[in-house]
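Listing of target.pdb; format and content: PDB, C-alpha atoms and all ligand atoms.
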```pdb
MODEL        1
ATOM      1  CA  MET O   1     -78.868   7.939 -61.225
ATOM      2  CA  ARG O   2     -79.369   9.076 -57.616
ATOM      3  CA  LEU O   3     -80.051   6.115 -55.339
ATOM      4  CA  GLY O   4     -81.258   6.427 -51.745
ATOM      5  CA  VAL O   5     -80.373   3.552 -49.406
ATOM      6  CA  MET O   6     -82.542   2.926 -46.353
ATOM      7  CA  GLY O   7     -80.939   0.276 -44.161
ATOM      8  CA  GLY O   8     -82.705  -1.165 -41.153
ATOM      9  CA  THR O   9     -83.732  -4.194 -39.186
ATOM     10  CA  PHE O  10     -87.350  -3.482 -40.151
ATOM     11  CA  ASP O  11     -88.651  -5.696 -37.355
ATOM     12  CA  PRO O  12     -91.293  -4.598 -38.349
ATOM     13  CA  ILE O  13     -91.121  -1.768 -40.918
ATOM     14  CA  HIS O  14     -93.308   1.170 -39.817
ATOM     15  CA  HIS O  15     -94.510   4.563 -41.040
ATOM     16  CA  GLY O  16     -91.494   6.343 -39.484
ATOM     17  CA  HIS O  17     -89.225   4.496 -41.946
ATOM     18  CA  LEU O  18     -91.568   5.131 -44.869
ATOM     19  CA  VAL O  19     -92.050   8.855 -44.206
ATOM     20  CA  ALA O  20     -88.292   9.383 -43.788
ATOM     21  CA  ALA O  21     -87.565   7.605 -47.086
ATOM     22  CA  SER O  22     -90.340   9.382 -48.964
ATOM     23  CA  GLU O  23     -89.363  12.802 -47.666
ATOM     24  CA  VAL O  24     -85.678  12.385 -48.542
ATOM     25  CA  GLN O  25     -86.598  10.962 -51.959
ATOM     26  CA  SER O  26     -88.589  14.083 -52.710
ATOM     27  CA  LEU O  27     -86.248  16.692 -51.167
ATOM     28  CA  LEU O  28     -83.116  15.274 -52.817
ATOM     29  CA  ALA O  29     -84.813  14.295 -56.074
ATOM     30  CA  LEU O  30     -83.698  10.677 -55.738
ATOM     31  CA  ASP O  31     -84.624   8.374 -58.611
ATOM     32  CA  GLU O  32     -85.148   5.418 -56.277
ATOM     33  CA  VAL O  33     -84.879   4.456 -52.626
ATOM     34  CA  VAL O  34     -83.814   0.884 -51.945
ATOM     35  CA  PHE O  35     -84.746  -0.582 -48.548
ATOM     36  CA  VAL O  36     -82.158  -3.054 -47.280
ATOM     37  CA  PRO O  37     -83.224  -5.318 -44.397
ATOM     38  CA  THR O  38     -80.300  -6.541 -42.288
ATOM     39  CA  GLY O  39     -79.130 -10.114 -42.368
ATOM     40  CA  GLU O  40     -79.201 -12.849 -39.726
ATOM     41  CA  PRO O  41     -78.118 -14.569 -37.507
ATOM     42  CA  TRP O  42     -78.086 -11.413 -35.546
ATOM     43  CA  GLN O  43     -78.768 -10.427 -32.002
ATOM     44  CA  LYS O  44     -79.751  -6.858 -31.439
ATOM     45  CA  GLU O  45     -79.472  -5.501 -27.923
ATOM     46  CA  GLY O  46     -79.633  -9.032 -26.545
ATOM     47  CA  ARG O  47     -82.927 -10.007 -28.122
ATOM     48  CA  ASP O  48     -83.879 -12.282 -30.967
ATOM     49  CA  VAL O  49     -84.792 -10.647 -34.233
ATOM     50  CA  ALA O  50     -87.583 -12.053 -36.420
ATOM     51  CA  PRO O  51     -86.346 -14.296 -39.257
ATOM     52  CA  ALA O  52     -84.908 -12.322 -42.180
ATOM     53  CA  GLU O  53     -87.442 -13.745 -44.605
ATOM     54  CA  HIS O  54     -90.343 -12.307 -42.591
ATOM     55  CA  ARG O  55     -88.662  -8.913 -42.264
ATOM     56  CA  TYR O  56     -87.898  -8.938 -45.989
ATOM     57  CA  LEU O  57     -91.481  -9.777 -46.968
ATOM     58  CA  MET O  58     -92.979  -7.157 -44.634
ATOM     59  CA  THR O  59     -90.666  -4.606 -46.267
ATOM     60  CA  VAL O  60     -91.837  -5.708 -49.717
ATOM     61  CA  VAL O  61     -95.490  -5.487 -48.657
ATOM     62  CA  ALA O  62     -94.973  -2.010 -47.162
ATOM     63  CA  THR O  63     -93.146  -0.543 -50.172
ATOM     64  CA  ALA O  64     -94.894  -2.306 -53.072
ATOM     65  CA  SER O  65     -97.263   0.531 -53.940
ATOM     66  CA  ASN O  66     -94.557   3.214 -54.288
ATOM     67  CA  PRO O  67     -92.992   3.176 -57.788
ATOM     68  CA  ARG O  68     -89.774   4.741 -56.428
ATOM     69  CA  PHE O  69     -89.298   2.217 -53.607
ATOM     70  CA  THR O  70     -87.526  -1.120 -54.025
ATOM     71  CA  VAL O  71     -86.136  -3.754 -51.638
ATOM     72  CA  SER O  72     -82.709  -5.402 -51.817
ATOM     73  CA  ARG O  73     -81.703  -8.787 -50.429
ATOM     74  CA  VAL O  74     -77.941  -8.068 -50.367
ATOM     75  CA  ASP O  75     -77.614  -8.072 -46.586
ATOM     76  CA  ILE O  76     -79.948 -11.034 -46.107
ATOM     77  CA  ASP O  77     -78.217 -13.142 -48.748
ATOM     78  CA  ARG O  78     -74.717 -12.317 -47.469
ATOM     79  CA  GLY O  79     -75.706 -13.723 -44.086
ATOM     80  CA  GLY O  80     -74.187 -12.925 -40.715
ATOM     81  CA  PRO O  81     -74.316  -9.568 -38.983
ATOM     82  CA  THR O  82     -74.692  -6.609 -41.298
ATOM     83  CA  TYR O  83     -72.093  -3.869 -41.568
ATOM     84  CA  THR O  84     -73.111  -0.814 -43.564
ATOM     85  CA  ILE O  85     -69.743  -0.827 -45.321
ATOM     86  CA  ASP O  86     -70.611  -4.214 -46.881
ATOM     87  CA  THR O  87     -74.083  -2.994 -47.882
ATOM     88  CA  LEU O  88     -72.618   0.012 -49.668
ATOM     89  CA  ARG O  89     -69.824  -1.993 -51.320
ATOM     90  CA  ASP O  90     -72.319  -4.534 -52.667
ATOM     91  CA  LEU O  91     -74.785  -1.912 -53.897
ATOM     92  CA  HIS O  92     -71.926   0.010 -55.534
ATOM     93  CA  ALA O  93     -70.769  -3.162 -57.283
ATOM     94  CA  GLN O  94     -74.313  -3.856 -58.519
ATOM     95  CA  ARG O  95     -75.005  -0.272 -59.606
ATOM     96  CA  PRO O  96     -71.596   1.307 -60.384
ATOM     97  CA  ASP O  97     -73.161   4.377 -62.012
ATOM     98  CA  ALA O  98     -75.416   5.241 -59.083
ATOM     99  CA  GLU O  99     -74.620   8.018 -56.612
ATOM    100  CA  LEU O 100     -75.515   6.593 -53.195
ATOM    101  CA  PHE O 101     -77.344   8.490 -50.435
ATOM    102  CA  PHE O 102     -77.498   6.530 -47.205
ATOM    103  CA  ILE O 103     -80.512   7.613 -45.133
ATOM    104  CA  THR O 104     -80.263   7.234 -41.396
ATOM    105  CA  GLY O 105     -82.194   8.442 -38.350
ATOM    106  CA  ALA O 106     -80.656  10.715 -35.738
ATOM    107  CA  ASP O 107     -80.086   7.793 -33.349
ATOM    108  CA  ALA O 108     -78.085   5.766 -35.856
ATOM    109  CA  LEU O 109     -76.218   8.769 -37.244
ATOM    110  CA  ALA O 110     -74.787   9.492 -33.814
ATOM    111  CA  GLN O 111     -73.135   6.053 -33.864
ATOM    112  CA  ILE O 112     -71.707   6.303 -37.359
ATOM    113  CA  LEU O 113     -68.152   7.104 -36.326
ATOM    114  CA  SER O 114     -67.994   3.872 -34.379
ATOM    115  CA  TRP O 115     -69.034   1.893 -37.445
ATOM    116  CA  LYS O 116     -66.590  -0.429 -39.147
ATOM    117  CA  ASP O 117     -64.396   1.389 -41.727
ATOM    118  CA  ALA O 118     -66.020   4.796 -41.158
ATOM    119  CA  ASP O 119     -63.565   6.542 -43.510
ATOM    120  CA  GLU O 120     -64.365   4.287 -46.457
ATOM    121  CA  LEU O 121     -68.086   4.728 -45.739
ATOM    122  CA  PHE O 122     -67.911   8.424 -46.473
ATOM    123  CA  GLY O 123     -66.167   7.716 -49.772
ATOM    124  CA  LEU O 124     -68.914   5.376 -50.930
ATOM    125  CA  ALA O 125     -72.001   7.431 -50.098
ATOM    126  CA  HIS O 126     -73.431  10.710 -48.951
ATOM    127  CA  PHE O 127     -75.097  10.400 -45.556
ATOM    128  CA  ILE O 128     -78.472  11.968 -44.932
ATOM    129  CA  GLY O 129     -79.284  12.224 -41.233
ATOM    130  CA  VAL O 130     -82.998  12.658 -40.593
ATOM    131  CA  THR O 131     -84.767  13.931 -37.495
ATOM    132  CA  ARG O 132     -86.337  11.408 -35.165
ATOM    133  CA  PRO O 133     -88.433  12.287 -32.090
ATOM    134  CA  GLY O 134     -86.468  11.746 -28.887
ATOM    135  CA  TYR O 135     -83.013  12.083 -30.463
ATOM    136  CA  GLU O 136     -80.709  15.031 -31.044
ATOM    137  CA  LEU O 137     -79.654  15.440 -34.669
ATOM    138  CA  SER O 138     -76.109  16.731 -34.984
ATOM    139  CA  GLU O 139     -73.208  16.197 -37.349
ATOM    140  CA  SER O 140     -70.481  16.804 -34.800
ATOM    141  CA  GLY O 141     -67.424  14.816 -35.732
ATOM    142  CA  LEU O 142     -68.822  13.818 -39.132
ATOM    143  CA  PRO O 143     -67.313  15.161 -42.391
ATOM    144  CA  ALA O 144     -69.450  18.193 -43.295
ATOM    145  CA  ASP O 145     -69.153  17.650 -47.048
ATOM    146  CA  ARG O 146     -70.477  14.072 -46.827
ATOM    147  CA  VAL O 147     -73.303  14.467 -44.311
ATOM    148  CA  ASP O 148     -76.545  16.430 -44.667
ATOM    149  CA  LEU O 149     -79.143  16.875 -41.989
ATOM    150  CA  GLN O 150     -82.762  16.826 -43.034
ATOM    151  CA  GLU O 151     -85.912  17.535 -41.084
ATOM    152  CA  VAL O 152     -88.720  15.063 -41.780
ATOM    153  CA  PRO O 153     -92.263  14.903 -40.316
ATOM    154  CA  ALA O 154     -91.964  13.708 -36.727
ATOM    155  CA  MET O 155     -93.269  10.173 -36.331
ATOM    156  CA  ALA O 156     -92.810   8.944 -32.768
ATOM    157  CA  ILE O 157     -92.884   5.300 -33.847
ATOM    158  CA  SER O 158     -90.318   2.576 -33.215
ATOM    159  CA  SER O 159     -90.247  -1.101 -34.094
ATOM    160  CA  THR O 160     -89.581  -1.824 -30.423
ATOM    161  CA  ASP O 161     -92.869  -0.159 -29.478
ATOM    162  CA  CYS O 162     -94.725  -1.987 -32.266
ATOM    163  CA  ARG O 163     -93.420  -5.359 -31.039
ATOM    164  CA  GLN O 164     -94.366  -4.564 -27.446
ATOM    165  CA  ARG O 165     -97.841  -3.548 -28.549
ATOM    166  CA  VAL O 166     -98.410  -6.792 -30.430
ATOM    167  CA  ARG O 167     -97.132  -8.778 -27.480
ATOM    168  CA  ALA O 168     -99.507  -6.912 -25.155
ATOM    169  CA  GLY O 169    -102.462  -7.363 -27.516
ATOM    170  CA  GLU O 170    -102.567  -3.640 -28.311
ATOM    171  CA  PRO O 171    -103.203  -2.281 -31.835
ATOM    172  CA  VAL O 172    -100.498  -1.368 -34.345
ATOM    173  CA  TRP O 173    -103.027  -0.116 -36.909
ATOM    174  CA  TYR O 174    -101.830   3.177 -38.481
ATOM    175  CA  LEU O 175     -98.336   2.752 -37.011
ATOM    176  CA  VAL O 176     -97.446   0.206 -39.697
ATOM    177  CA  PRO O 177     -99.078  -0.255 -43.146
ATOM    178  CA  ASP O 178    -102.295  -2.301 -43.200
ATOM    179  CA  GLY O 179    -100.618  -5.164 -45.055
ATOM    180  CA  VAL O 180     -97.969  -5.367 -42.346
ATOM    181  CA  VAL O 181    -100.622  -5.512 -39.601
ATOM    182  CA  GLN O 182    -102.147  -8.453 -41.441
ATOM    183  CA  TYR O 183     -98.776 -10.109 -42.120
ATOM    184  CA  ILE O 184     -97.865  -9.940 -38.406
ATOM    185  CA  SER O 185    -101.191 -11.464 -37.453
ATOM    186  CA  LYS O 186    -101.069 -14.177 -40.121
ATOM    187  CA  HIS O 187     -97.601 -15.344 -39.045
ATOM    188  CA  HIS O 188     -98.106 -14.808 -35.298
ATOM    189  CA  LEU O 189     -95.041 -12.566 -35.104
ATOM    190  CA  TYR O 190     -94.101 -10.883 -31.818
ATOM    191  CA  ALA O 191     -96.731 -12.769 -29.859
ATOM    192  CA  ALA O 192     -96.139 -13.805 -26.262
ATOM    193  CA  PRO O 193     -94.679 -17.342 -26.164
ATOM    194  CA  ALA O 194     -97.180 -20.048 -25.250
ATOM    195  CA  PRO O 195     -96.653 -21.342 -21.684
ATOM    196  CA  SER O 196     -94.233 -24.243 -21.978
ATOM    197  CA  ALA O 197     -95.303 -27.733 -20.977
ATOM    198  CA  ALA O 198     -92.266 -27.958 -18.691
ATOM    199  CA  THR O 199     -93.682 -25.335 -16.354
ATOM    200  CA  ALA O 200     -97.184 -26.868 -16.247
ATOM    201  CA  PRO O 201     -98.085 -28.589 -12.967
TER     202      PRO O 201
HETATM  203  P1  LIG O 301     -85.869  -0.846 -33.130
HETATM  204  O1  LIG O 301     -86.751  -0.189 -32.107
HETATM  205  O2  LIG O 301     -86.052  -2.326 -33.235
HETATM  206  O3  LIG O 301     -84.427  -0.405 -33.071
HETATM  207  P2  LIG O 301     -86.415   1.154 -35.151
HETATM  208  O4  LIG O 301     -87.791   1.711 -35.104
HETATM  209  O5  LIG O 301     -85.306   1.974 -34.546
HETATM  210  O6  LIG O 301     -86.424  -0.314 -34.566
HETATM  211  P3  LIG O 301     -84.651   0.341 -37.252
HETATM  212  O7  LIG O 301     -84.929  -0.769 -38.215
HETATM  213  O8  LIG O 301     -83.708   0.117 -36.127
HETATM  214  O9  LIG O 301     -86.082   0.837 -36.670
HETATM  215  O10 LIG O 301     -84.224   1.665 -38.031
HETATM  216  C1  LIG O 301     -83.815   1.719 -39.370
HETATM  217  C2  LIG O 301     -83.475   3.177 -39.715
HETATM  218  O11 LIG O 301     -84.662   3.986 -39.663
HETATM  219  C3  LIG O 301     -82.493   3.837 -38.721
HETATM  220  O12 LIG O 301     -81.649   4.708 -39.458
HETATM  221  C4  LIG O 301     -83.410   4.629 -37.816
HETATM  222  O13 LIG O 301     -82.749   5.723 -37.234
HETATM  223  C5  LIG O 301     -84.495   5.090 -38.791
HETATM  224  N1  LIG O 301     -85.788   5.322 -38.130
HETATM  225  C6  LIG O 301     -86.518   4.424 -37.436
HETATM  226  N2  LIG O 301     -87.651   4.954 -36.968
HETATM  227  C7  LIG O 301     -87.657   6.252 -37.349
HETATM  228  C8  LIG O 301     -88.571   7.348 -37.142
HETATM  229  N3  LIG O 301     -89.693   7.179 -36.434
HETATM  230  N4  LIG O 301     -88.249   8.554 -37.688
HETATM  231  C9  LIG O 301     -87.098   8.702 -38.386
HETATM  232  N5  LIG O 301     -86.196   7.715 -38.626
HETATM  233  C10 LIG O 301     -86.462   6.499 -38.112
HETATM  234 MG    MG O 302     -83.418   1.153 -34.155
ENDMDL
END
```
Can you present the structure in this file as structure tokens?
Amino acid sequence: MRLGVMGGTFDPIHHGHLVAASEVQSLLALDEVVFVPTGEPWQKEGRDVAPAEHRYLMTVVATASNPRFTVSRVDIDRGGPTYTIDTLRDLHAQRPDAELFFITGADALAQILSWKDADELFGLAHFIGVTRPGYELSESGLPADRVDLQEVPAMAISSTDCRQRVRAGEPVWYLVPDGVVQYISKHHLYAAPAPSAATAP
């Protein structure tokens, strides 16, 4: 059993995530790719992240139609900030027979050596670094036998840009799956805060 692991904040999930996962699934003949939204409470780069339950459900909506895609709650249910080492330990405990392939974009791969327990990480999973527009993909400093670099179709999409677009009233159609566009709208995610009564004259 070859299991891909796609970790992310998924705030929101977009077609860059989905293309990367699909491409690696096909190229490496993975049986399944499990998407693992990060837990909360969690501050990322000084900003609030949408509640885990919303990020989880958007990930379910986005992946539901692909028979090889699944979503795991391990990081959400553990609570607190997510460390990839914990994700991999938990998935390994749940699926001891699976060979794990952790999929990560060029931006995140560059930071891997600074991750908690980097040495144990490489024992638990292979790492597949995928190309991402705007970032250099290199394996310098990473163990060559545990890291593979993979070119995937270039999708210049980020969750940050999607959130800014929603906030500015601009479209996110075709950047995220249709169901995610509708989910964001239904739950008023990423909208500009209403002017507070305190600041009214
Ligand atoms: P944010 O802007 O909030 O950081 P993001 O678009 O970077 O969001 P994350 O949830 O941070 O999305 O990323 C999860 C994983 O997906 C990371 O490994 C990241 O490198 C990868 N990834 C995100 N967007 C792309 C993309 N367009 N192409 C390839 N990989 C991507
Ligand atoms: Mg990111």
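Once only C-alpha atoms and all ligand atoms are used for the distance check, the residues close to ligand MG 302 (chain O) at 10 Å turn out to be O:Gly8, O:Thr9, O:Phe10, O:Asp11, O:Lys44, O:Glu45, O:Thr104, O:Gly105, O:Asp107, O:Ala108, O:Ser158, O:Ser159, O:Thr160.
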Could you state which residues are captured by the PyMOL selection byres (((not hetatm)) within 9 of (chain O and resi 301)) in this file, as a ChimeraX atom specification?
/O:6-21,37-38,44-45,49,102-109,129-133,152-163
Kindly extract all protein, DNA and RNA residues lying within 12 Å of the coordinates (-87.7, 10.2, -50.6) given in the file, considering all atoms listed in the file, and supply them as number ranges by chain.
O: 2-6, 17-35, 66-70, 101-103, 128, 130, 150, 152
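Proximity to Tyr83 (chain O) was assessed for O:Gly134, O:Pro143, O:Gly169, O:Gly39 counting only C-alpha atoms; the smallest distance is recorded for O:Gly39.
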Between O:Ile85, O:Val71, O:Val172, O:Ala50, which is the closest to Ala118 (chain O) once you count only C-alpha atoms?
O:Ile85
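When all atoms listed in the file are used to compute distances to Phe122 (chain O), the closest of the residues O:Leu189, O:Ala52, O:Leu100, O:Leu137 turns out to be O:Leu100.
Here CA of Asp86 (chain O) is placed at a distance of 26.9 Å from CA of Glu136 (chain O).
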Which polymer residues have any atom within 9 Å of an atom of Thr84 (chain O), counting all atoms listed in the file, with same-chain residues fewer than 3 positions away left out, as a PyMOL selection string?
chain O and resi 7+87-89+115-116+121
